[in-house]
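Shown next: data.txt, containing compact mmCIF, C-alpha atoms.
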# COMPACT_ATOMS: atom_id res chain seq x y z
CA MET Q 1 -29.73 -2.10 -20.39
CA THR Q 2 -28.71 -5.40 -21.91
CA SER Q 3 -26.23 -7.33 -19.85
CA MET Q 4 -22.59 -6.94 -20.80
CA ASN Q 5 -19.65 -9.02 -19.67
CA LYS Q 6 -17.58 -7.92 -16.72
CA SER Q 7 -14.54 -6.87 -18.73
CA ASP Q 8 -16.58 -4.71 -21.15
CA MET Q 9 -18.31 -3.11 -18.20
CA GLN Q 10 -15.02 -2.33 -16.47
CA HIS Q 11 -13.55 -0.83 -19.63
CA LEU Q 12 -16.66 1.26 -20.23
CA ILE Q 13 -16.34 2.75 -16.75
CA ALA Q 14 -12.58 3.24 -17.02
CA LYS Q 15 -12.91 5.04 -20.34
CA ARG Q 16 -15.53 7.41 -18.93
CA VAL Q 17 -13.44 8.25 -15.85
CA ALA Q 18 -10.43 9.00 -18.05
CA GLN Q 19 -12.43 11.75 -19.78
CA GLU Q 20 -12.77 13.48 -16.43
CA LEU Q 21 -9.00 13.93 -16.03
CA GLU Q 22 -7.46 17.18 -17.16
CA GLY Q 23 -3.74 17.76 -17.22
CA PRO Q 24 -1.55 18.84 -15.70
CA CYS Q 25 -2.36 16.62 -12.77
CA VAL Q 26 -1.09 13.80 -10.59
CA VAL Q 27 -3.38 10.80 -10.30
CA ASN Q 28 -3.24 7.73 -8.08
CA LEU Q 29 -4.97 4.64 -9.43
CA GLY Q 30 -6.33 1.90 -7.16
CA ILE Q 31 -6.61 -1.79 -7.97
CA GLY Q 32 -9.24 -3.16 -10.39
CA ILE Q 33 -11.20 -0.82 -12.66
CA PRO Q 34 -9.00 2.18 -11.69
CA THR Q 35 -5.93 0.41 -13.11
CA LEU Q 36 -7.67 0.28 -16.51
CA VAL Q 37 -8.09 4.06 -16.57
CA ALA Q 38 -4.43 4.37 -17.60
CA GLU Q 39 -5.29 2.77 -20.95
CA TYR Q 40 -7.63 5.64 -21.84
CA MET Q 41 -5.68 8.69 -20.70
CA ASP Q 42 -4.43 10.67 -23.65
CA ALA Q 43 -3.00 13.85 -22.15
CA ALA Q 44 0.78 13.75 -21.87
CA ASP Q 45 0.70 15.84 -18.71
CA ILE Q 46 -1.26 13.41 -16.56
CA TYR Q 47 1.26 11.81 -14.22
CA LEU Q 48 0.54 8.61 -12.34
CA HIS Q 49 1.58 8.16 -8.72
CA THR Q 50 1.72 4.73 -7.14
CA GLU Q 51 1.92 4.52 -3.36
CA ASN Q 52 4.65 1.89 -3.34
CA GLY Q 53 7.04 4.66 -4.32
CA LEU Q 54 6.94 5.94 -7.90
CA LEU Q 55 5.72 9.14 -9.52
CA GLY Q 56 5.69 8.68 -13.27
CA VAL Q 57 4.17 5.26 -13.89
CA THR Q 58 3.78 4.09 -17.47
CA ASP Q 59 3.04 0.80 -19.18
CA VAL Q 60 5.81 -1.65 -20.00
CA GLU Q 61 6.57 -3.91 -22.95
CA ALA Q 62 6.60 -7.63 -22.13
CA ASP Q 63 10.33 -7.93 -22.85
CA GLN Q 64 11.14 -4.95 -20.61
CA ILE Q 65 9.47 -6.25 -17.43
CA ASP Q 66 11.55 -5.71 -14.30
CA PRO Q 67 10.50 -7.76 -11.23
CA ASN Q 68 11.42 -4.84 -8.98
CA LEU Q 69 9.29 -2.28 -10.83
CA VAL Q 70 5.60 -2.69 -9.99
CA ASN Q 71 2.50 -0.68 -9.14
CA ALA Q 72 0.43 -0.93 -5.95
CA GLY Q 73 -1.36 -3.95 -7.42
CA LYS Q 74 2.09 -5.60 -7.81
CA LEU Q 75 1.64 -5.55 -11.58
CA PRO Q 76 4.70 -4.79 -13.72
CA VAL Q 77 4.91 -1.16 -14.90
CA GLY Q 78 7.38 1.12 -16.64
CA GLU Q 79 9.18 4.32 -15.73
CA ALA Q 80 7.90 7.46 -17.50
CA VAL Q 81 10.18 10.31 -18.57
CA GLY Q 82 10.59 12.53 -15.51
CA ALA Q 83 9.85 9.72 -13.07
CA SER Q 84 11.13 9.60 -9.49
CA TYR Q 85 11.33 6.95 -6.78
CA PHE Q 86 10.78 7.54 -3.07
CA ASN Q 87 10.19 5.61 0.15
CA SER Q 88 6.74 4.69 1.52
CA SER Q 89 6.68 7.49 4.09
CA ASP Q 90 7.42 10.15 1.47
CA SER Q 91 4.85 8.55 -0.81
CA PHE Q 92 2.12 8.82 1.79
CA ALA Q 93 3.25 12.30 2.79
CA MET Q 94 2.45 13.25 -0.81
CA ILE Q 95 -0.98 11.64 -0.44
CA ARG Q 96 -1.88 12.79 3.07
CA GLY Q 97 -0.36 16.21 2.52
CA GLY Q 98 -2.75 17.01 -0.32
CA HIS Q 99 -0.20 16.88 -3.15
CA VAL Q 100 -2.00 14.25 -5.23
CA ASP Q 101 -4.76 15.77 -7.37
CA VAL Q 102 -7.02 12.79 -7.97
CA ALA Q 103 -7.39 9.33 -6.45
CA ILE Q 104 -9.44 6.81 -8.39
CA LEU Q 105 -10.63 3.99 -6.15
CA GLY Q 106 -12.89 0.98 -6.21
CA ALA Q 107 -15.65 0.63 -3.61
CA LEU Q 108 -17.87 -2.07 -2.13
CA GLN Q 109 -20.57 0.42 -1.14
CA VAL Q 110 -21.25 4.15 -1.42
CA GLU Q 111 -23.82 5.91 0.70
CA GLN Q 112 -25.86 8.91 -0.35
CA THR Q 113 -23.59 11.35 1.49
CA GLY Q 114 -20.72 10.17 -0.72
CA VAL Q 115 -19.03 8.25 2.11
CA ILE Q 116 -17.63 4.92 0.90
CA ALA Q 117 -16.82 1.48 2.29
CA ASN Q 118 -14.04 -0.35 0.45
CA TRP Q 119 -11.79 -2.24 2.85
CA ALA Q 120 -13.71 -4.69 5.00
CA VAL Q 121 -16.75 -6.95 4.97
CA PRO Q 122 -18.61 -7.70 8.24
CA GLY Q 123 -18.29 -11.29 9.40
CA LYS Q 124 -15.01 -11.78 7.59
CA ASN Q 125 -11.58 -11.24 9.11
CA ILE Q 126 -10.38 -7.67 8.68
CA MET Q 127 -7.11 -8.38 6.95
CA GLY Q 128 -6.16 -5.53 4.68
CA VAL Q 129 -6.57 -1.80 4.26
CA GLY Q 130 -3.51 -0.77 2.25
CA GLY Q 131 -3.52 2.89 1.27
CA ALA Q 132 -7.29 3.38 0.95
CA MET Q 133 -7.77 5.42 4.12
CA ASP Q 134 -4.79 7.65 3.38
CA LEU Q 135 -5.97 8.35 -0.17
CA LEU Q 136 -9.44 9.27 1.04
CA VAL Q 137 -8.27 11.82 3.56
CA GLY Q 138 -5.54 13.27 1.38
CA ALA Q 139 -6.32 13.35 -2.34
CA LYS Q 140 -7.73 16.66 -3.56
CA LYS Q 141 -10.44 14.81 -5.47
CA VAL Q 142 -11.63 11.24 -5.11
CA PHE Q 143 -13.41 9.39 -7.91
CA VAL Q 144 -15.05 6.03 -7.26
CA THR Q 145 -15.50 3.35 -9.90
CA MET Q 146 -17.64 0.27 -9.35
CA SER Q 147 -20.39 -1.90 -10.74
CA HIS Q 148 -23.78 -0.39 -9.92
CA THR Q 149 -25.10 -3.53 -8.23
CA SER Q 150 -23.74 -6.60 -6.41
CA LYS Q 151 -23.74 -10.05 -7.99
CA ASP Q 152 -27.18 -10.68 -6.45
CA GLY Q 153 -28.51 -7.53 -8.12
CA SER Q 154 -28.75 -5.43 -4.95
CA SER Q 155 -27.79 -1.76 -5.07
CA LYS Q 156 -24.28 -0.76 -4.02
CA ILE Q 157 -25.33 2.88 -3.79
CA LEU Q 158 -27.15 2.93 -0.48
CA LYS Q 159 -28.84 5.24 1.98
CA GLU Q 160 -26.24 4.11 4.50
CA CYS Q 161 -23.20 1.83 4.22
CA THR Q 162 -23.64 -1.47 6.04
CA TYR Q 163 -19.91 -2.26 5.71
CA PRO Q 164 -17.22 -0.43 7.74
CA ILE Q 165 -16.55 2.99 6.19
CA THR Q 166 -13.10 3.93 4.88
CA SER Q 167 -13.27 7.60 5.86
CA THR Q 168 -15.80 10.20 6.95
CA ARG Q 169 -14.82 12.21 3.85
CA SER Q 170 -17.26 12.18 0.92
CA VAL Q 171 -15.94 11.30 -2.51
CA ASP Q 172 -16.40 13.74 -5.40
CA MET Q 173 -17.74 11.58 -8.22
CA ILE Q 174 -19.09 8.04 -8.68
CA PHE Q 175 -18.86 6.15 -11.98
CA THR Q 176 -20.79 2.95 -12.69
CA GLU Q 177 -21.81 1.16 -15.88
CA LEU Q 178 -25.21 2.88 -15.59
CA ALA Q 179 -24.56 6.39 -14.39
CA VAL Q 180 -22.24 9.16 -13.29
CA PHE Q 181 -23.02 10.95 -10.03
CA LYS Q 182 -21.50 14.04 -8.50
CA VAL Q 183 -21.51 14.54 -4.75
CA VAL Q 184 -22.55 18.10 -3.98
CA ASP Q 185 -22.95 19.18 -0.34
CA GLN Q 186 -23.02 15.51 0.71
CA GLN Q 187 -25.89 14.73 -1.69
CA LEU Q 188 -25.87 12.66 -4.85
CA LYS Q 189 -26.65 14.34 -8.13
CA LEU Q 190 -27.08 12.23 -11.26
CA VAL Q 191 -25.16 14.04 -13.96
CA GLU Q 192 -25.07 11.50 -16.77
CA LEU Q 193 -26.58 8.24 -17.96
CA MET Q 194 -24.08 5.81 -19.43
CA PRO Q 195 -24.68 4.49 -22.98
CA GLY Q 196 -27.73 2.21 -23.04
CA ALA Q 197 -28.88 3.06 -19.50
CA THR Q 198 -32.27 4.59 -18.76
CA ILE Q 199 -33.33 6.78 -15.87
CA GLU Q 200 -35.87 4.13 -14.86
CA GLU Q 201 -33.16 1.49 -14.57
CA VAL Q 202 -30.93 3.81 -12.53
CA ARG Q 203 -33.83 4.61 -10.18
CA GLU Q 204 -34.67 0.95 -9.78
CA LYS Q 205 -31.08 -0.08 -9.04
CA THR Q 206 -30.15 2.81 -6.74
CA GLU Q 207 -31.26 2.61 -3.12
CA ALA Q 208 -29.81 6.01 -2.24
CA GLU Q 209 -31.71 9.20 -2.83
CA PHE Q 210 -30.35 11.40 -5.59
CA THR Q 211 -31.35 14.46 -7.55
CA GLU Q 212 -31.32 14.71 -11.34
CA MET G 1 35.23 -4.30 12.94
CA SER G 2 33.90 -4.83 9.46
CA LYS G 3 30.15 -4.66 8.94
CA VAL G 4 30.40 -7.03 6.01
CA THR G 5 29.81 -10.73 6.57
CA ASP G 6 29.16 -13.69 4.33
CA SER G 7 27.56 -15.74 7.09
CA ILE G 8 23.78 -15.55 7.33
CA GLU G 9 23.94 -17.08 10.84
CA GLU G 10 26.32 -14.34 11.95
CA ALA G 11 24.18 -11.64 10.32
CA LEU G 12 21.12 -12.92 12.17
CA SER G 13 22.90 -13.39 15.52
CA TYR G 14 21.15 -10.24 16.78
CA VAL G 15 17.67 -11.73 16.36
CA GLU G 16 16.36 -13.34 19.55
CA SER G 17 13.06 -14.94 20.55
CA GLY G 18 10.48 -12.35 21.57
CA ASN G 19 12.04 -9.60 19.45
CA THR G 20 10.19 -7.07 17.35
CA VAL G 21 11.60 -7.30 13.84
CA LEU G 22 11.00 -4.89 10.96
CA VAL G 23 11.04 -6.65 7.59
CA GLY G 24 11.25 -4.57 4.41
CA GLY G 25 9.34 -5.11 1.20
CA PHE G 26 6.06 -4.62 -0.57
CA GLY G 27 5.08 -8.23 -0.96
CA LEU G 28 8.26 -9.91 -2.24
CA ILE G 29 9.45 -6.72 -3.95
CA GLY G 30 12.25 -5.24 -1.89
CA ALA G 31 11.94 -7.97 0.74
CA PRO G 32 15.21 -9.25 2.29
CA LEU G 33 14.67 -12.75 0.94
CA THR G 34 18.07 -14.11 2.01
CA LEU G 35 17.67 -12.92 5.59
CA ILE G 36 14.10 -14.22 5.76
CA GLU G 37 15.41 -17.59 4.56
CA GLY G 38 17.93 -17.40 7.41
CA LEU G 39 15.17 -16.66 9.90
CA ILE G 40 13.28 -19.71 8.63
CA GLU G 41 16.40 -21.81 9.42
CA LYS G 42 16.99 -20.17 12.79
CA ASP G 43 15.63 -21.52 16.07
CA VAL G 44 13.64 -18.50 17.20
CA LYS G 45 10.03 -17.88 18.29
CA ASP G 46 7.48 -15.36 19.57
CA LEU G 47 8.52 -12.74 17.04
CA THR G 48 6.55 -9.58 16.39
CA ILE G 49 6.96 -8.93 12.68
CA VAL G 50 6.35 -5.43 11.30
CA SER G 51 5.98 -5.66 7.54
CA ASN G 52 3.44 -4.45 4.98
CA ASN G 53 2.38 -8.05 4.31
CA LEU G 54 3.24 -11.36 5.92
CA GLY G 55 4.61 -12.70 2.65
CA GLU G 56 2.52 -14.85 0.39
CA SER G 57 1.11 -18.29 1.14
CA GLY G 58 4.08 -20.64 1.59
CA LYS G 59 6.60 -18.02 0.49
CA SER G 60 9.04 -15.81 2.36
CA LEU G 61 7.46 -14.60 5.64
CA GLY G 62 4.57 -16.96 4.85
CA ILE G 63 6.87 -19.88 5.72
CA LEU G 64 7.87 -18.23 9.02
CA LEU G 65 4.14 -17.83 9.74
CA ASN G 66 3.47 -21.51 9.06
CA GLN G 67 6.35 -22.42 11.39
CA ASN G 68 4.45 -20.63 14.19
CA LYS G 69 7.40 -18.35 14.87
CA ILE G 70 5.30 -15.18 14.58
CA LYS G 71 3.39 -14.15 17.70
CA LYS G 72 2.12 -10.89 16.27
CA GLY G 73 1.97 -9.23 12.87
CA ILE G 74 1.80 -5.48 12.35
CA GLY G 75 1.07 -4.46 8.76
CA SER G 76 -1.36 -2.92 6.30
CA TYR G 77 -2.31 -5.70 3.90
CA PHE G 78 -2.36 -9.27 5.19
CA THR G 79 -4.87 -10.18 2.47
CA SER G 80 -2.01 -11.20 0.19
CA ASN G 81 -1.46 -14.35 2.30
CA ARG G 82 -4.64 -16.33 3.00
CA ASP G 83 -2.86 -18.37 5.70
CA VAL G 84 -2.81 -15.27 7.93
CA GLY G 85 -6.61 -15.29 8.15
CA ASP G 86 -6.68 -18.98 9.04
CA LYS G 87 -4.10 -18.52 11.81
CA TYR G 88 -5.96 -15.50 13.13
CA GLN G 89 -9.24 -17.42 13.16
CA LYS G 90 -7.61 -20.19 15.23
CA GLY G 91 -6.22 -17.62 17.67
CA GLU G 92 -2.64 -18.52 16.76
CA ILE G 93 -1.53 -15.00 15.86
CA GLU G 94 -2.28 -11.45 16.98
CA LEU G 95 -2.67 -8.87 14.27
CA GLU G 96 -2.50 -5.11 14.22
CA LEU G 97 -3.76 -3.56 11.02
CA LEU G 98 -2.60 -0.04 10.17
CA PRO G 99 -3.26 2.11 7.11
CA GLN G 100 -0.21 1.85 4.86
CA GLY G 101 0.76 5.50 5.30
CA THR G 102 0.43 5.18 9.06
CA LEU G 103 2.60 2.06 9.09
CA ALA G 104 5.30 3.95 7.18
CA GLU G 105 5.05 7.17 9.16
CA SER G 106 5.12 5.35 12.50
CA MET G 107 8.52 3.92 11.62
CA ARG G 108 9.74 7.27 10.30
CA ALA G 109 8.68 8.84 13.63
CA GLY G 110 10.29 6.02 15.61
CA GLY G 111 13.54 6.44 13.72
CA ALA G 112 13.45 10.21 14.25
CA GLY G 113 13.13 9.94 18.01
CA LEU G 114 9.47 10.94 18.21
CA GLY G 115 6.89 9.30 20.47
CA GLY G 116 4.16 9.50 17.86
CA TYR G 117 2.13 11.94 15.79
CA TYR G 118 -1.39 13.02 14.92
CA THR G 119 -2.94 12.04 11.59
CA THR G 120 -6.31 12.43 9.87
CA THR G 121 -5.99 8.99 8.30
CA GLY G 122 -8.51 6.58 9.80
CA VAL G 123 -10.52 9.18 11.76
CA GLY G 124 -14.10 7.95 12.23
CA THR G 125 -13.32 4.39 11.09
CA ASP G 126 -13.01 1.06 12.89
CA LEU G 127 -9.21 1.44 12.85
CA ALA G 128 -9.47 4.58 15.05
CA LYS G 129 -11.13 2.69 17.90
CA GLY G 130 -9.31 3.23 21.18
CA LYS G 131 -7.03 5.91 19.72
CA GLU G 132 -6.85 9.39 21.22
CA GLU G 133 -8.63 12.07 19.18
CA ARG G 134 -7.51 15.66 19.10
CA GLU G 135 -8.76 18.70 17.28
CA ILE G 136 -6.08 20.93 15.78
CA ASP G 137 -7.16 24.11 13.96
CA GLY G 138 -10.67 22.72 13.52
CA VAL G 139 -9.56 19.37 12.08
CA THR G 140 -9.91 16.05 13.93
CA TYR G 141 -6.80 13.89 14.15
CA ILE G 142 -5.99 10.62 15.88
CA PHE G 143 -2.78 9.85 17.72
CA GLU G 144 -0.55 7.15 16.31
CA LYS G 145 2.34 5.81 18.35
CA ALA G 146 5.79 5.55 16.81
CA ILE G 147 7.20 2.11 16.00
CA ARG G 148 10.67 1.08 17.13
CA ALA G 149 12.12 -2.39 16.94
CA ASP G 150 14.96 -4.60 18.11
CA VAL G 151 16.12 -5.52 14.62
CA ALA G 152 15.44 -4.45 11.04
CA LEU G 153 16.00 -6.81 8.11
CA ILE G 154 16.15 -4.78 4.92
CA ARG G 155 17.01 -4.98 1.23
CA ALA G 156 19.01 -2.43 -0.73
CA HIS G 157 20.70 -2.45 -4.12
CA LYS G 158 24.24 -1.45 -3.25
CA ALA G 159 26.17 -0.84 -0.05
CA ASP G 160 29.66 0.46 0.43
CA THR G 161 31.61 -1.24 3.21
CA LEU G 162 30.79 1.65 5.56
CA GLY G 163 27.10 0.87 5.16
CA ASN G 164 25.92 3.69 2.90
CA LEU G 165 22.97 2.39 0.88
CA VAL G 166 21.32 3.02 -2.47
CA TYR G 167 18.11 1.31 -3.55
CA TYR G 168 16.60 0.04 -6.78
CA LYS G 169 13.28 1.24 -8.24
CA THR G 170 10.15 0.22 -6.32
CA ALA G 171 12.18 -2.22 -4.21
CA ARG G 172 12.94 0.82 -2.02
CA ASN G 173 9.47 1.09 -0.37
CA PHE G 174 9.69 0.64 3.44
CA ASN G 175 13.40 -0.25 3.59
CA PRO G 176 14.93 3.22 4.20
CA LEU G 177 12.41 3.87 7.00
CA MET G 178 13.10 0.56 8.67
CA ALA G 179 16.83 1.30 8.52
CA THR G 180 16.22 4.17 10.96
CA ALA G 181 13.85 2.51 13.42
CA ALA G 182 15.68 -0.50 14.90
CA LYS G 183 18.55 -1.03 17.34
CA LYS G 184 20.32 -3.34 14.89
CA VAL G 185 19.96 -2.98 11.14
CA ILE G 186 20.93 -5.84 8.85
CA VAL G 187 20.91 -5.24 5.12
CA GLU G 188 21.26 -7.56 2.15
CA VAL G 189 22.41 -6.08 -1.14
CA ASP G 190 23.17 -7.04 -4.73
CA GLU G 191 26.61 -5.47 -4.65
CA ILE G 192 29.15 -4.33 -2.06
CA VAL G 193 31.55 -1.57 -3.11
CA GLN G 194 34.34 0.46 -1.55
CA PRO G 195 33.69 3.80 0.19
CA GLY G 196 33.88 6.57 -2.40
CA GLU G 197 32.35 4.49 -5.16
CA LEU G 198 28.80 5.62 -4.39
CA ASN G 199 27.90 9.17 -5.33
CA PRO G 200 27.25 11.02 -2.03
CA GLU G 201 24.29 12.80 -3.70
CA GLU G 202 22.64 9.46 -4.42
CA ILE G 203 23.01 7.81 -1.02
CA VAL G 204 19.54 7.30 0.48
CA THR G 205 20.54 5.64 3.76
CA PRO G 206 23.71 7.09 5.33
CA PHE G 207 26.01 4.51 6.92
CA LEU G 208 25.34 5.40 10.56
CA TYR G 209 22.06 3.48 10.46
CA VAL G 210 23.54 0.21 9.23
CA ASP G 211 25.15 -2.52 11.36
CA VAL G 212 25.56 -5.60 9.20
CA ILE G 213 25.90 -6.04 5.42
CA ILE G 214 25.53 -9.29 3.55
CA LYS G 215 25.34 -10.10 -0.12
CA ALA G 216 21.91 -11.30 -1.27
CA GLN G 217 21.69 -14.98 -2.18
CA GLN G 218 17.96 -15.14 -2.88
CA ILE G 219 17.03 -12.94 -5.83
CA LEU G 220 13.61 -11.97 -7.13
CA THR G 221 13.42 -12.51 -10.89
CA ASN G 222 10.63 -12.58 -13.46
CA GLU G 223 10.65 -16.35 -13.00
CA GLY G 224 10.23 -16.09 -9.21
CA VAL G 225 12.81 -16.28 -6.43
CA VAL G 226 16.08 -17.93 -7.41
CA LYS G 227 19.19 -18.76 -5.42
CA ARG G 228 22.37 -17.03 -6.55
Could you render the structure from this file as structure tokens?
Amino acid sequence: MTSMNKSDMQHLIAKRVAQELEGPCVVNLGIGIPTLVAEYMDAADIYLHTENGLLGVTDVEADQIDPNLVNAGKLPVGEAVGASYFNSSDSFAMIRGGHVDVAILGALQVEQTGVIANWAVPGKNIMGVGGAMDLLVGAKKVFVTMSHTSKDGSSKILKECTYPITSTRSVDMIFTELAVFKVVDQQLKLVELMPGATIEEVREKTEAEFTE
Amino acid sequence: MSKVTDSIEEALSYVESGNTVLVGGFGLIGAPLTLIEGLIEKDVKDLTIVSNNLGESGKSLGILLNQNKIKKGIGSYFTSNRDVGDKYQKGEIELELLPQGTLAESMRAGGAGLGGYYTTTGVGTDLAKGKEEREIDGVTYIFEKAIRADVALIRAHKADTLGNLVYYKTARNFNPLMATAAKKVIVEVDEIVQPGELNPEEIVTPFLYVDVIIKAQQILTNEGVVKR
């Protein structure tokens, strides 16, 4: 496919993921591409949870920004009708306890079993994990969004992760600018080519084994 | 004796070198900025700071870090302050990284008188290394120890003079948990009211947890932190 700029690519992925959400449901959005998904959700009964303590996240007008009302990426957000605030322990009890329907996360690598690595890079100081591990063990479904390849063109969908894994749990779906995969019985299944992508390109840029 | 003081020095008189101190906030949001400022002024060292982040570079707890007053940091996301990595690389600080939910739950458990708990979070990852594994009903869990501290520095919206607290939006975050898990709990608030003025149904932190109340002098605004 012809190269597209990073922002267009991120929006393309976010828009596609949004189509996968069916209300009523509670969704937690990670930082990066996942944050953009909110722009494409049209169902009124999709509620956003943010782990820093709010169920019922919505966007906010510039003149309404409150410095004490932010999402997990510390970006300003608004309070939806029916929203509630809670402390961090309650927030993660919701996540770990299986009460959040979908978590949409970014990833550095995905392996062919659907296990992901998204919190640490070997050789660098391990400095932050945030809520990634909790979301992976607790959300009913986990969707991963990421660019298909690294900056150097190497595949991010691998036979085996070379970075530290985030959980032993497999994610449910993977969305890139080239393809959509489902993880079925710890195996990748290509379910859709993104606009402009060809099966040859996906094969070439995917190290992991997958079925079609 | 009244819990209310207008002296930061007096409020922080409970903090001693070598203490473990819980510090509320998600980044600067809900952080006790006035009390942190006081800690920056205070002659104290070898602190273990439990907080989601160690501030931002050159801000809030980030200043305390650069003063070499922090011996150890326990948190979930130090990435927000690049100075933490530099200090760690030089061997000037110990770090303990916990998943954010584990950090929160460990304080909840500590405040509730528990020794610890089993969680699925982190199982099979590098953060589970050295932690006891146990299978319960066919599921593998790891043991996480409760966190208790000498002092908690927290931020709330309003206090009555008894010490009942209500919070404000996402500035709540870790603060109510930290209020339960330390021997001495010091809170800074926007407003101090008389008992009876807060609706009992809305009180999040009942007064028995709170030892010292001070009015906030450092306020987070859309233009950054300003002094009141």
Calculate how many Å separate atom CA of G:Arg172 from atom CA of Q:Ala103, rounding to one decimal. 22.5 Å
May I ask for the distance between atom CA of G:Leu65 and atom CA of G:Leu98, given in Å to one decimal place?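 Atom CA of G:Leu65 sits 19.0 Å away from atom CA of G:Leu98.
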Which distance in Å separates atom CA of G:Gly91 and atom CA of Q:Gly130, to one decimal?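 Separation of atom CA of G:Gly91 and atom CA of Q:Gly130: 23.0 Å.
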Between Q:Val110, Q:Val121, Q:Ala62, Q:Val129, which is the closest to chain G once you count all atoms listed in the file?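 For chain G, the nearest of the candidates is Q:Val129.
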As number ranges by chain, could you give me every residue of chain G near chain Q (at most 8 Å apart, counting all atoms listed in the file)? G: 26-27, 29-30, 76-79, 85, 89, 97-101, 104-105, 108, 120-126, 168-177, 220-222
Restrict the selected residues to C-alpha atoms and save them as a PDB file, in the coordinates of the input.
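Output (part_19.pdb):
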ATOM      1  CA  PHE G  26       6.060  -4.620  -0.570  1.00  0.00           C
ATOM      2  CA  GLY G  27       5.080  -8.230  -0.960  1.00  0.00           C
ATOM      3  CA  ILE G  29       9.450  -6.720  -3.950  1.00  0.00           C
ATOM      4  CA  GLY G  30      12.250  -5.240  -1.890  1.00  0.00           C
ATOM      5  CA  SER G  76      -1.360  -2.920   6.300  1.00  0.00           C
ATOM      6  CA  TYR G  77      -2.310  -5.700   3.900  1.00  0.00           C
ATOM      7  CA  PHE G  78      -2.360  -9.270   5.190  1.00  0.00           C
ATOM      8  CA  THR G  79      -4.870 -10.180   2.470  1.00  0.00           C
ATOM      9  CA  GLY G  85      -6.610 -15.290   8.150  1.00  0.00           C
ATOM     10  CA  GLN G  89      -9.240 -17.420  13.160  1.00  0.00           C
ATOM     11  CA  LEU G  97      -3.760  -3.560  11.020  1.00  0.00           C
ATOM     12  CA  LEU G  98      -2.600  -0.040  10.170  1.00  0.00           C
ATOM     13  CA  PRO G  99      -3.260   2.110   7.110  1.00  0.00           C
ATOM     14  CA  GLN G 100      -0.210   1.850   4.860  1.00  0.00           C
ATOM     15  CA  GLY G 101       0.760   5.500   5.300  1.00  0.00           C
ATOM     16  CA  ALA G 104       5.300   3.950   7.180  1.00  0.00           C
ATOM     17  CA  GLU G 105       5.050   7.170   9.160  1.00  0.00           C
ATOM     18  CA  ARG G 108       9.740   7.270  10.300  1.00  0.00           C
ATOM     19  CA  THR G 120      -6.310  12.430   9.870  1.00  0.00           C
ATOM     20  CA  THR G 121      -5.990   8.990   8.300  1.00  0.00           C
ATOM     21  CA  GLY G 122      -8.510   6.580   9.800  1.00  0.00           C
ATOM     22  CA  VAL G 123     -10.520   9.180  11.760  1.00  0.00           C
ATOM     23  CA  GLY G 124     -14.100   7.950  12.230  1.00  0.00           C
ATOM     24  CA  THR G 125     -13.320   4.390  11.090  1.00  0.00           C
ATOM     25  CA  ASP G 126     -13.010   1.060  12.890  1.00  0.00           C
ATOM     26  CA  TYR G 168      16.600   0.040  -6.780  1.00  0.00           C
ATOM     27  CA  LYS G 169      13.280   1.240  -8.240  1.00  0.00           C
ATOM     28  CA  THR G 170      10.150   0.220  -6.320  1.00  0.00           C
ATOM     29  CA  ALA G 171      12.180  -2.220  -4.210  1.00  0.00           C
ATOM     30  CA  ARG G 172      12.940   0.820  -2.020  1.00  0.00           C
ATOM     31  CA  ASN G 173       9.470   1.090  -0.370  1.00  0.00           C
ATOM     32  CA  PHE G 174       9.690   0.640   3.440  1.00  0.00           C
ATOM     33  CA  ASN G 175      13.400  -0.250   3.590  1.00  0.00           C
ATOM     34  CA  PRO G 176      14.930   3.220   4.200  1.00  0.00           C
ATOM     35  CA  LEU G 177      12.410   3.870   7.000  1.00  0.00           C
ATOM     36  CA  LEU G 220      13.610 -11.970  -7.130  1.00  0.00           C
ATOM     37  CA  THR G 221      13.420 -12.510 -10.890  1.00  0.00           C
ATOM     38  CA  ASN G 222      10.630 -12.580 -13.460  1.00  0.00           C
TER      39      ASN G 222
END
